[in-house]
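Below: final09.cif (mmCIF, C-alpha atoms and all ligand atoms)
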```cif
data_protein
loop_
_atom_site.label_atom_id
_atom_site.label_comp_id
_atom_site.auth_asym_id
_atom_site.auth_seq_id
_atom_site.Cartn_x
_atom_site.Cartn_y
_atom_site.Cartn_z
CA MET B 1 16.79 45.85 -52.05
CA PRO B 2 15.98 46.40 -48.33
CA GLN B 3 14.28 43.49 -46.68
CA GLY B 4 13.37 43.61 -43.03
CA LYS B 5 14.44 40.96 -40.58
CA LEU B 6 10.83 40.25 -39.69
CA CYS B 7 9.01 41.89 -42.56
CA ASN B 8 10.23 40.48 -45.84
CA LYS B 9 9.19 38.39 -48.83
CA LYS B 10 10.25 35.11 -47.33
CA PRO B 11 7.44 33.00 -45.90
CA ILE B 12 7.93 31.63 -42.39
CA THR B 13 9.16 28.05 -42.58
CA THR B 14 10.87 27.35 -39.25
CA GLU B 15 9.84 27.47 -35.60
CA ASP B 16 12.67 29.90 -34.81
CA GLU B 17 11.40 32.38 -37.38
CA LEU B 18 7.91 31.95 -36.06
CA HIS B 19 8.90 32.59 -32.45
CA GLU B 20 10.85 35.66 -33.45
CA LEU B 21 7.78 37.05 -35.15
CA LEU B 22 5.55 36.17 -32.21
CA ALA B 23 7.93 37.91 -29.81
CA ASP B 24 7.44 41.16 -31.71
CA LYS B 25 4.50 42.40 -29.69
CA SER B 26 1.61 43.53 -31.89
CA GLY B 27 3.98 43.53 -34.85
CA LYS B 28 5.52 46.87 -33.81
CA ARG B 29 8.92 46.26 -35.37
CA TYR B 30 7.37 44.31 -38.25
CA TYR B 31 5.25 47.28 -39.34
CA GLU B 32 8.16 49.69 -38.85
CA GLU B 33 10.25 47.56 -41.20
CA MET B 34 7.38 47.40 -43.68
CA GLN B 35 7.60 51.15 -44.17
CA SER B 36 10.94 50.82 -45.92
CA LEU B 37 10.28 47.64 -47.83
CA ASP B 38 11.06 48.01 -51.53
CA VAL B 39 8.64 46.98 -54.25
CA ASP B 40 10.05 44.83 -57.03
CA ALA B 41 8.13 45.89 -60.15
CA SER B 42 9.80 43.35 -62.44
CA GLU B 43 8.80 40.54 -60.11
CA ILE B 44 5.19 41.74 -60.04
CA GLU B 45 5.15 42.06 -63.81
CA ALA B 46 6.51 38.55 -64.18
CA LEU B 47 3.80 37.29 -61.83
CA PHE B 48 1.15 39.03 -63.93
CA ARG B 49 2.51 37.46 -67.10
CA LYS B 50 2.30 34.05 -65.48
CA SER B 51 -0.98 34.22 -63.64
CA PHE B 52 -3.08 37.23 -64.63
CA LYS B 53 -5.29 35.45 -67.14
CA SER B 54 -8.26 36.34 -69.31
CA ARG B 55 -10.99 36.05 -66.67
CA LEU B 56 -9.42 38.57 -64.28
CA LYS B 57 -8.29 40.75 -67.16
CA SER B 58 -11.75 40.99 -68.68
CA TRP B 59 -13.39 41.58 -65.28
CA LEU B 60 -11.17 44.60 -64.74
CA GLU B 61 -11.82 45.87 -68.26
CA ILE B 62 -15.57 45.36 -68.59
CA CYS B 63 -16.59 46.94 -65.29
CA THR B 64 -18.87 49.83 -66.22
CA HIS B 65 -18.66 51.48 -62.77
CA CYS B 66 -22.42 51.27 -62.50
CA ALA B 67 -22.10 50.65 -58.73
CA LEU B 68 -24.87 48.06 -58.69
CA CYS B 69 -22.54 45.99 -56.53
CA ALA B 70 -22.34 48.69 -53.84
CA GLU B 71 -25.32 47.60 -51.76
CA SER B 72 -24.09 44.01 -51.69
CA CYS B 73 -21.02 44.90 -49.65
CA PHE B 74 -21.45 45.18 -45.92
CA PHE B 75 -18.33 47.35 -45.68
CA TYR B 76 -20.11 49.89 -47.86
CA LEU B 77 -23.28 49.74 -45.78
CA ALA B 78 -21.46 49.78 -42.46
CA ASN B 79 -19.38 52.81 -43.47
CA HIS B 80 -22.27 55.16 -44.23
CA LYS B 81 -22.16 54.31 -47.94
CA ASP B 82 -18.65 55.63 -48.33
CA PRO B 83 -17.94 55.57 -52.11
CA LYS B 84 -14.45 54.30 -51.31
CA GLN B 85 -16.07 51.11 -50.05
CA VAL B 86 -17.84 50.31 -53.33
CA PRO B 87 -16.44 46.93 -54.44
CA SER B 88 -15.52 48.11 -57.95
CA TYR B 89 -13.70 51.18 -56.54
CA LYS B 90 -11.76 49.03 -54.09
CA ILE B 91 -10.47 46.69 -56.77
CA GLN B 92 -9.88 49.30 -59.48
CA SER B 93 -7.87 51.50 -57.12
CA THR B 94 -5.64 48.59 -56.07
CA LEU B 95 -5.34 45.65 -58.46
CA GLY B 96 -6.49 47.80 -61.38
CA GLU B 97 -3.77 50.39 -60.72
CA LEU B 98 -1.14 47.74 -60.14
CA VAL B 99 -1.92 46.18 -63.51
CA ARG B 100 -2.10 49.51 -65.33
CA ARG B 101 1.24 50.61 -63.86
CA LYS B 102 2.79 47.18 -64.52
CA GLY B 103 3.83 46.88 -60.90
CA ARG B 104 5.66 50.24 -60.87
CA VAL B 105 4.22 51.40 -57.58
CA ASP B 106 5.76 52.57 -54.35
CA ASN B 107 5.74 51.40 -50.76
CA THR B 108 2.85 53.67 -49.74
CA PHE B 109 0.70 52.28 -52.54
CA MET B 110 1.48 48.71 -51.50
CA ARG B 111 0.59 49.39 -47.86
CA MET B 112 -2.70 50.95 -48.93
CA THR B 113 -3.33 47.94 -51.19
CA MET B 114 -2.56 45.52 -48.37
CA ASP B 115 -4.94 47.38 -46.08
CA THR B 116 -7.70 47.28 -48.70
CA ALA B 117 -7.13 43.63 -49.61
CA TRP B 118 -7.34 42.39 -46.04
CA SER B 119 -9.33 45.01 -44.16
CA LYS B 120 -11.92 46.11 -46.67
CA CYS B 121 -12.91 42.82 -48.28
CA THR B 122 -13.59 39.44 -46.72
CA CYS B 123 -13.78 37.70 -50.12
CA CYS B 124 -17.39 36.80 -49.35
CA ASN B 125 -18.24 36.89 -53.10
CA ARG B 126 -21.61 38.58 -52.56
CA CYS B 127 -20.89 41.40 -55.00
CA ALA B 128 -20.61 38.87 -57.83
CA LEU B 129 -24.30 38.04 -57.35
CA TYR B 130 -25.28 41.68 -57.78
CA CYS B 131 -23.04 42.53 -60.73
CA PRO B 132 -24.76 42.09 -64.12
CA PHE B 133 -21.47 40.68 -65.46
CA GLY B 134 -20.79 38.45 -62.47
CA ILE B 135 -17.58 40.29 -61.66
CA ASP B 136 -16.33 38.73 -58.45
CA MET B 137 -14.22 40.93 -56.19
CA GLY B 138 -13.74 38.02 -53.80
CA VAL B 139 -11.78 36.15 -56.45
CA MET B 140 -9.86 39.26 -57.45
CA PHE B 141 -8.98 40.23 -53.91
CA SER B 142 -7.76 36.69 -53.21
CA TYR B 143 -5.46 37.05 -56.21
CA LEU B 144 -4.34 40.48 -55.04
CA ARG B 145 -3.52 39.13 -51.58
CA GLY B 146 -1.16 36.66 -53.23
CA ILE B 147 0.63 39.50 -55.03
CA CYS B 148 0.92 41.51 -51.79
CA PHE B 149 2.21 38.46 -49.91
CA SER B 150 4.85 37.81 -52.57
CA GLN B 151 6.24 41.32 -51.95
CA GLY B 152 6.18 41.04 -48.15
CA PHE B 153 3.13 43.26 -47.68
CA VAL B 154 1.01 41.06 -45.48
CA PRO B 155 -0.49 41.78 -42.04
CA TRP B 156 1.69 40.55 -39.18
CA GLU B 157 -0.99 38.18 -37.81
CA LEU B 158 -1.44 36.56 -41.20
CA LYS B 159 2.25 36.07 -41.72
CA ILE B 160 2.20 34.24 -38.39
CA GLY B 161 -0.93 32.27 -39.31
CA SER B 162 0.43 31.16 -42.66
CA GLY B 163 3.74 30.22 -41.00
CA MET B 164 1.87 28.06 -38.52
CA HIS B 165 0.10 26.30 -41.34
CA ARG B 166 3.43 25.62 -42.99
CA ILE B 167 5.12 24.37 -39.84
CA TYR B 168 2.34 22.64 -37.92
CA ARG B 169 -0.29 22.11 -40.62
CA ALA B 170 -2.63 23.95 -38.28
CA GLN B 171 -3.47 27.58 -37.81
CA MET B 172 -2.79 27.77 -34.10
CA ASP B 173 -0.27 25.03 -33.38
CA ILE B 174 -2.96 22.92 -31.72
CA THR B 175 -2.59 19.22 -32.43
CA THR B 176 -5.45 16.74 -32.05
CA GLU B 177 -3.81 15.43 -28.87
CA ASP B 178 -3.51 18.96 -27.47
CA TRP B 179 -7.13 19.65 -28.26
CA VAL B 180 -8.45 16.48 -26.58
CA ASP B 181 -6.16 17.11 -23.63
CA THR B 182 -7.39 20.69 -23.32
CA CYS B 183 -11.01 19.49 -23.24
CA GLN B 184 -10.16 17.00 -20.52
CA TRP B 185 -8.33 19.39 -18.25
CA MET B 186 -11.01 22.01 -18.70
CA VAL B 187 -13.54 19.48 -17.40
CA GLU B 188 -11.32 18.63 -14.44
CA GLU B 189 -10.73 22.28 -13.65
CA ASN B 190 -14.40 23.16 -13.71
CA GLU B 191 -16.29 20.08 -12.57
CA GLU B 192 -16.44 21.21 -8.97
CA GLU B 193 -18.31 24.32 -9.94
CA TRP B 194 -20.28 22.55 -12.69
CA PRO B 195 -21.00 19.00 -11.48
CA GLY B 196 -21.65 16.62 -14.35
CA LEU B 197 -19.76 18.78 -16.85
CA GLU B 198 -18.84 16.92 -19.97
CA ILE B 199 -17.09 18.18 -23.10
CA PRO B 200 -17.67 15.29 -25.47
CA VAL B 201 -15.34 14.98 -28.43
CA ASP B 202 -16.43 13.14 -31.58
CA LYS B 203 -19.57 11.86 -29.86
CA GLU B 204 -21.70 9.88 -32.27
CA ASN B 205 -25.36 10.71 -32.91
CA ALA B 206 -25.15 13.99 -31.02
CA ASP B 207 -27.87 16.55 -31.77
CA ILE B 208 -25.47 19.47 -31.94
CA ILE B 209 -22.03 19.88 -33.45
CA TYR B 210 -20.10 22.54 -31.62
CA THR B 211 -16.85 23.94 -32.95
CA VAL B 212 -14.68 26.68 -31.51
CA ASN B 213 -12.89 29.45 -33.25
CA ALA B 214 -9.51 28.02 -34.27
CA ARG B 215 -7.60 30.44 -32.05
CA ASP B 216 -9.70 29.94 -28.92
CA PRO B 217 -8.04 26.80 -27.53
CA SER B 218 -4.69 28.52 -27.86
CA THR B 219 -5.41 32.07 -26.77
CA THR B 220 -8.58 32.07 -24.69
CA ARG B 221 -8.52 28.78 -22.80
CA LYS B 222 -10.31 30.33 -19.86
CA ILE B 223 -13.17 31.63 -21.95
CA TRP B 224 -14.11 29.10 -24.56
CA PRO B 225 -15.31 26.35 -22.17
CA MET B 226 -17.98 28.83 -21.11
CA GLN B 227 -19.57 28.22 -24.47
CA PRO B 228 -20.30 24.49 -23.94
CA PHE B 229 -21.55 25.48 -20.46
CA CYS B 230 -24.13 27.61 -22.18
CA PHE B 231 -25.43 24.59 -24.04
CA MET B 232 -25.57 22.44 -20.95
CA TRP B 233 -26.96 24.93 -18.48
CA PRO B 234 -28.64 27.76 -20.37
CA GLU B 235 -30.97 28.37 -17.45
CA LYS B 236 -27.97 29.08 -15.21
CA THR B 237 -25.77 30.99 -17.58
CA GLY B 238 -28.66 32.91 -19.05
CA ARG B 239 -26.62 33.38 -22.17
CA PHE B 240 -28.89 31.97 -24.82
CA PRO B 241 -32.24 33.65 -25.27
CA VAL B 242 -34.95 31.43 -26.68
CA TRP B 243 -34.88 31.40 -30.46
CA ASP B 244 -37.74 33.57 -31.66
CA GLY B 245 -37.49 32.47 -35.25
CA LYS B 246 -37.37 36.04 -36.52
CA LYS B 247 -33.73 36.87 -36.26
CA GLN B 248 -30.91 35.17 -38.01
CA VAL B 249 -28.30 34.74 -35.31
CA TRP B 250 -24.85 33.35 -34.92
CA PRO B 251 -25.63 29.82 -33.78
CA CYS B 252 -22.67 29.41 -31.46
CA SER B 253 -22.33 32.91 -30.11
CA PRO B 254 -22.11 33.16 -26.34
CA GLY B 255 -22.96 36.84 -26.35
CA THR B 256 -25.46 38.26 -23.95
CA GLY B 257 -27.35 40.54 -26.30
CA LYS B 258 -30.60 39.73 -28.01
CA GLU B 259 -28.79 38.93 -31.23
CA ALA B 260 -26.83 36.12 -29.62
CA GLY B 261 -28.58 32.83 -29.32
CA CYS B 262 -29.08 29.46 -30.85
CA ARG B 263 -31.73 27.17 -32.20
CA LEU B 264 -32.18 25.37 -28.93
CA LYS B 265 -35.86 24.88 -28.44
CA PRO B 266 -36.46 22.64 -26.66
CA PHE B 267 -33.09 22.67 -24.94
CA THR B 268 -30.89 19.80 -26.10
CA LYS B 269 -27.87 18.64 -24.20
CA VAL B 270 -24.63 18.45 -26.19
S1 LIG N 1 -21.87 45.96 -60.56
FE1 LIG N 1 -20.25 45.05 -61.83
S2 LIG N 1 -20.04 46.43 -63.54
FE2 LIG N 1 -21.17 47.55 -61.96
S3 LIG N 1 -19.58 48.64 -60.81
FE3 LIG N 1 -19.92 46.70 -59.78
S4 LIG N 1 -18.36 45.34 -60.64
FE4 LIG N 1 -18.54 47.08 -62.04
S1 LIG N 2 -16.33 40.12 -51.91
FE1 LIG N 2 -15.43 41.86 -50.84
S2 LIG N 2 -16.06 43.63 -51.98
FE2 LIG N 2 -17.44 41.96 -52.57
S3 LIG N 2 -19.19 42.12 -51.18
FE3 LIG N 2 -17.74 40.70 -50.23
S4 LIG N 2 -16.52 41.99 -48.87
FE4 LIG N 2 -17.55 43.38 -50.32
#
```
Any chance you could put this one into structure tokens?
Amino acid sequence: MPQGKLCNKKPITTEDELHELLADKSGKRYYEEMQSLDVDASEIEALFRKSFKSRLKSWLEICTHCALCAESCFFYLANHKDPKQVPSYKIQSTLGELVRRKGRVDNTFMRMTMDTAWSKCTCCNRCALYCPFGIDMGVMFSYLRGICFSQGFVPWELKIGSGMHRIYRAQMDITTEDWVDTCQWMVEENEEEWPGLEIPVDKENADIIYTVNARDPSTTRKIWPMQPFCFMWPEKTGRFPVWDGKKQVWPCSPGTGKEAGCRLKPFTKV
């Protein structure tokens, strides 16, 4: 049963394995290996027997294909109402097929399933609110992701991310000490240009809690401190338009467009 060196069923558990995967730029070799990964139908069937219980089973069976869930899914709306983005279609053509064929599927099917499970559903659970039966694709796609992972069909970045969780108990290998240290050196590096700059950590009774994307301290150290700057000096950075109360916006986005802003009126220092 061919297993790739980088792309295989084994989860990442050591730093060496992790570094090897990280060295494979953009997952080039990883995805090449994925193309010849075998699918173990008996293993999938055994997994179904163990974990595919009545709730998921009945959800797959009772779906009437009424498409009432379609409008709930932003993938459907953002893709010009492509029928292939209707939540029920996405799950029936992947998990549904996998169950019906008892895991007897090929590599191409598994790659399509992986793509659908991670790139066409965020597991936001909105469709469940629209479905008269409460069928929840978010729950089903989470389950399907587990099946894909068990067969080695998982996006390169997520194999890395899950490995980091296993090894460091953190998504991006950033420890608390590293994080505090990063905040301090960012202040030192920028205080000449921004006198009085402060990046307070765990400050009590603050008006605003600011968190960064988990990958930012690791991959975009030069960029993320710009975001606290925006809170401290919005008049200089010009990044945050005044909240007009009409648009729901990403509260921490540093974007420059009208949609980016925050509820800072009057301006409150972090
Ligand atoms: S709304 Fe429910 S029953 Fe209708 S297609 Fe969607 S999942 Fe199936
Ligand atoms: S759970 Fe998935 S399929 Fe359902 S609305 Fe959210 S993104 Fe769309």
Exercise. How far is it from atom CA of B:Val154 to atom FE3 of ligand LIG 1 (chain N), in Å with one decimal?
Worked result: 26.0 Å
Check which residues of chain B sit at most 10 Å from ligand LIG 2 (chain N) using all atoms listed in the file, and return one row each with the closest pair of atoms and their distance in Å to one decimal, ordered by chain and rising number, as a Markdown table.
```
| residue | atom | partner | partner_atom | distance |
| --- | --- | --- | --- | --- |
| B:Cys69 | CA | N:LIG2 | S3 | 7.4 |
| B:Ala70 | CA | N:LIG2 | S3 | 7.8 |
| B:Glu71 | CA | N:LIG2 | S3 | 8.2 |
| B:Ser72 | CA | N:LIG2 | S3 | 5.3 |
| B:Cys73 | CA | N:LIG2 | S3 | 3.7 |
| B:Phe74 | CA | N:LIG2 | FE4 | 6.1 |
| B:Phe75 | CA | N:LIG2 | FE4 | 6.2 |
| B:Tyr76 | CA | N:LIG2 | FE4 | 7.4 |
| B:Leu77 | CA | N:LIG2 | FE4 | 9.7 |
| B:Gln85 | CA | N:LIG2 | S2 | 7.7 |
| B:Val86 | CA | N:LIG2 | S2 | 7.0 |
| B:Pro87 | CA | N:LIG2 | S2 | 4.1 |
| B:Ser88 | CA | N:LIG2 | S2 | 7.5 |
| B:Tyr89 | CA | N:LIG2 | S2 | 9.1 |
| B:Lys90 | CA | N:LIG2 | S2 | 7.2 |
| B:Ile91 | CA | N:LIG2 | S2 | 8.0 |
| B:Thr116 | CA | N:LIG2 | FE1 | 9.7 |
| B:Ala117 | CA | N:LIG2 | FE1 | 8.6 |
| B:Trp118 | CA | N:LIG2 | FE1 | 9.4 |
| B:Ser119 | CA | N:LIG2 | S4 | 9.1 |
| B:Lys120 | CA | N:LIG2 | S4 | 6.6 |
| B:Cys121 | CA | N:LIG2 | FE1 | 3.7 |
| B:Thr122 | CA | N:LIG2 | S4 | 4.4 |
| B:Cys123 | CA | N:LIG2 | S1 | 3.9 |
| B:Cys124 | CA | N:LIG2 | FE3 | 4.0 |
| B:Asn125 | CA | N:LIG2 | S1 | 3.9 |
| B:Arg126 | CA | N:LIG2 | S3 | 4.5 |
| B:Cys127 | CA | N:LIG2 | S3 | 4.2 |
| B:Ala128 | CA | N:LIG2 | FE2 | 6.9 |
| B:Leu129 | CA | N:LIG2 | S3 | 9.0 |
| B:Tyr130 | CA | N:LIG2 | S3 | 9.0 |
| B:Cys131 | CA | N:LIG2 | FE2 | 9.9 |
| B:Ile135 | CA | N:LIG2 | FE2 | 9.2 |
| B:Asp136 | CA | N:LIG2 | S1 | 6.7 |
| B:Met137 | CA | N:LIG2 | S1 | 4.8 |
| B:Gly138 | CA | N:LIG2 | S1 | 3.8 |
| B:Val139 | CA | N:LIG2 | S1 | 7.6 |
| B:Met140 | CA | N:LIG2 | S1 | 8.6 |
| B:Phe141 | CA | N:LIG2 | FE1 | 7.3 |
| B:Ser142 | CA | N:LIG2 | S1 | 9.3 |
```
Exercise. Which one is closest to ligand LIG 1 (chain N): B:Ser58, B:Thr211, B:Gln35, B:Thr64? Count all atoms listed in the file.
Worked result: B:Thr64
For this session: Give the answer as one residue: which of B:Pro195, B:Gly152, B:Pro200, B:Gly103 has the shortest atom-to-atom distance to B:Glu43, using only C-alpha atoms?
Result: B:Gly103
Exercise. With distances taken over all atoms listed in the file, which of B:Cys63, B:Ala23, B:Cys7, B:Ile199 is nearest to ligand LIG 1 (chain N)?
Worked result: B:Cys63
For this session: Would you list the residues near (7.0, 43.8, -41.8) (no more than 10 Å away, in the coordinates of the file, using only C-alpha atoms) as a PyMOL selection string?
Result: chain B and resi 3-9+21+27-37+152-156+159
For this session: Excluding B:Cys148 and residues on its chain fewer than 2 positions from it, collect all residues at most 9 Å away from it, counting all atoms listed in the file, and give them as an NGL selection string.
Result: :B and (110-111 or 113-114 or 117 or 143-146 or 150-154)
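For the pair atom CA of B:Met164 and atom CA of B:Asn107, the interatomic distance is 26.6 Å.
Our summary of the geometry notes that atom CA of B:Thr14 is positioned 17.7 Å from atom CA of B:Phe149.
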Exercise. Counting only C-alpha atoms and all ligand atoms, which of B:Ala78, B:Phe133, B:Ile44, B:Ser51 gets nearest to ligand LIG 1 (chain N)?
Worked result: B:Phe133
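Nearest to B:Arg101 of all the residues B:Glu61, B:Trp179, B:Lys81, B:Glu45 is B:Glu45, based on all atoms listed in the file.
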Problem set entry | Test item: residues at most 10 Å from B:Phe109, all atoms listed in the file, excluding those fewer than 2 positions along its chain, as an NGL selection string | :B and (39 or 93-94 or 97-98 or 104-107 or 111-115)
Draw an axis-aligned box over all listed atoms of ligand LIG 1 (chain N), pad each side with 8 Å, and write its centre and edge lengths in Å, one decimal, as JSON.
```
{"center_x": -20.1, "center_y": 46.8, "center_z": -61.7, "size_x": 19.5, "size_y": 19.6, "size_z": 19.8}
```
Problem set entry | Minimum-distance residue to ligand LIG 1 (chain N), chosen among B:Leu68, B:Ile147, B:Val180, B:Leu22 (using only C-alpha atoms and all ligand atoms) |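 Answer, going by the shortest atom-to-atom distance: B:Leu68.
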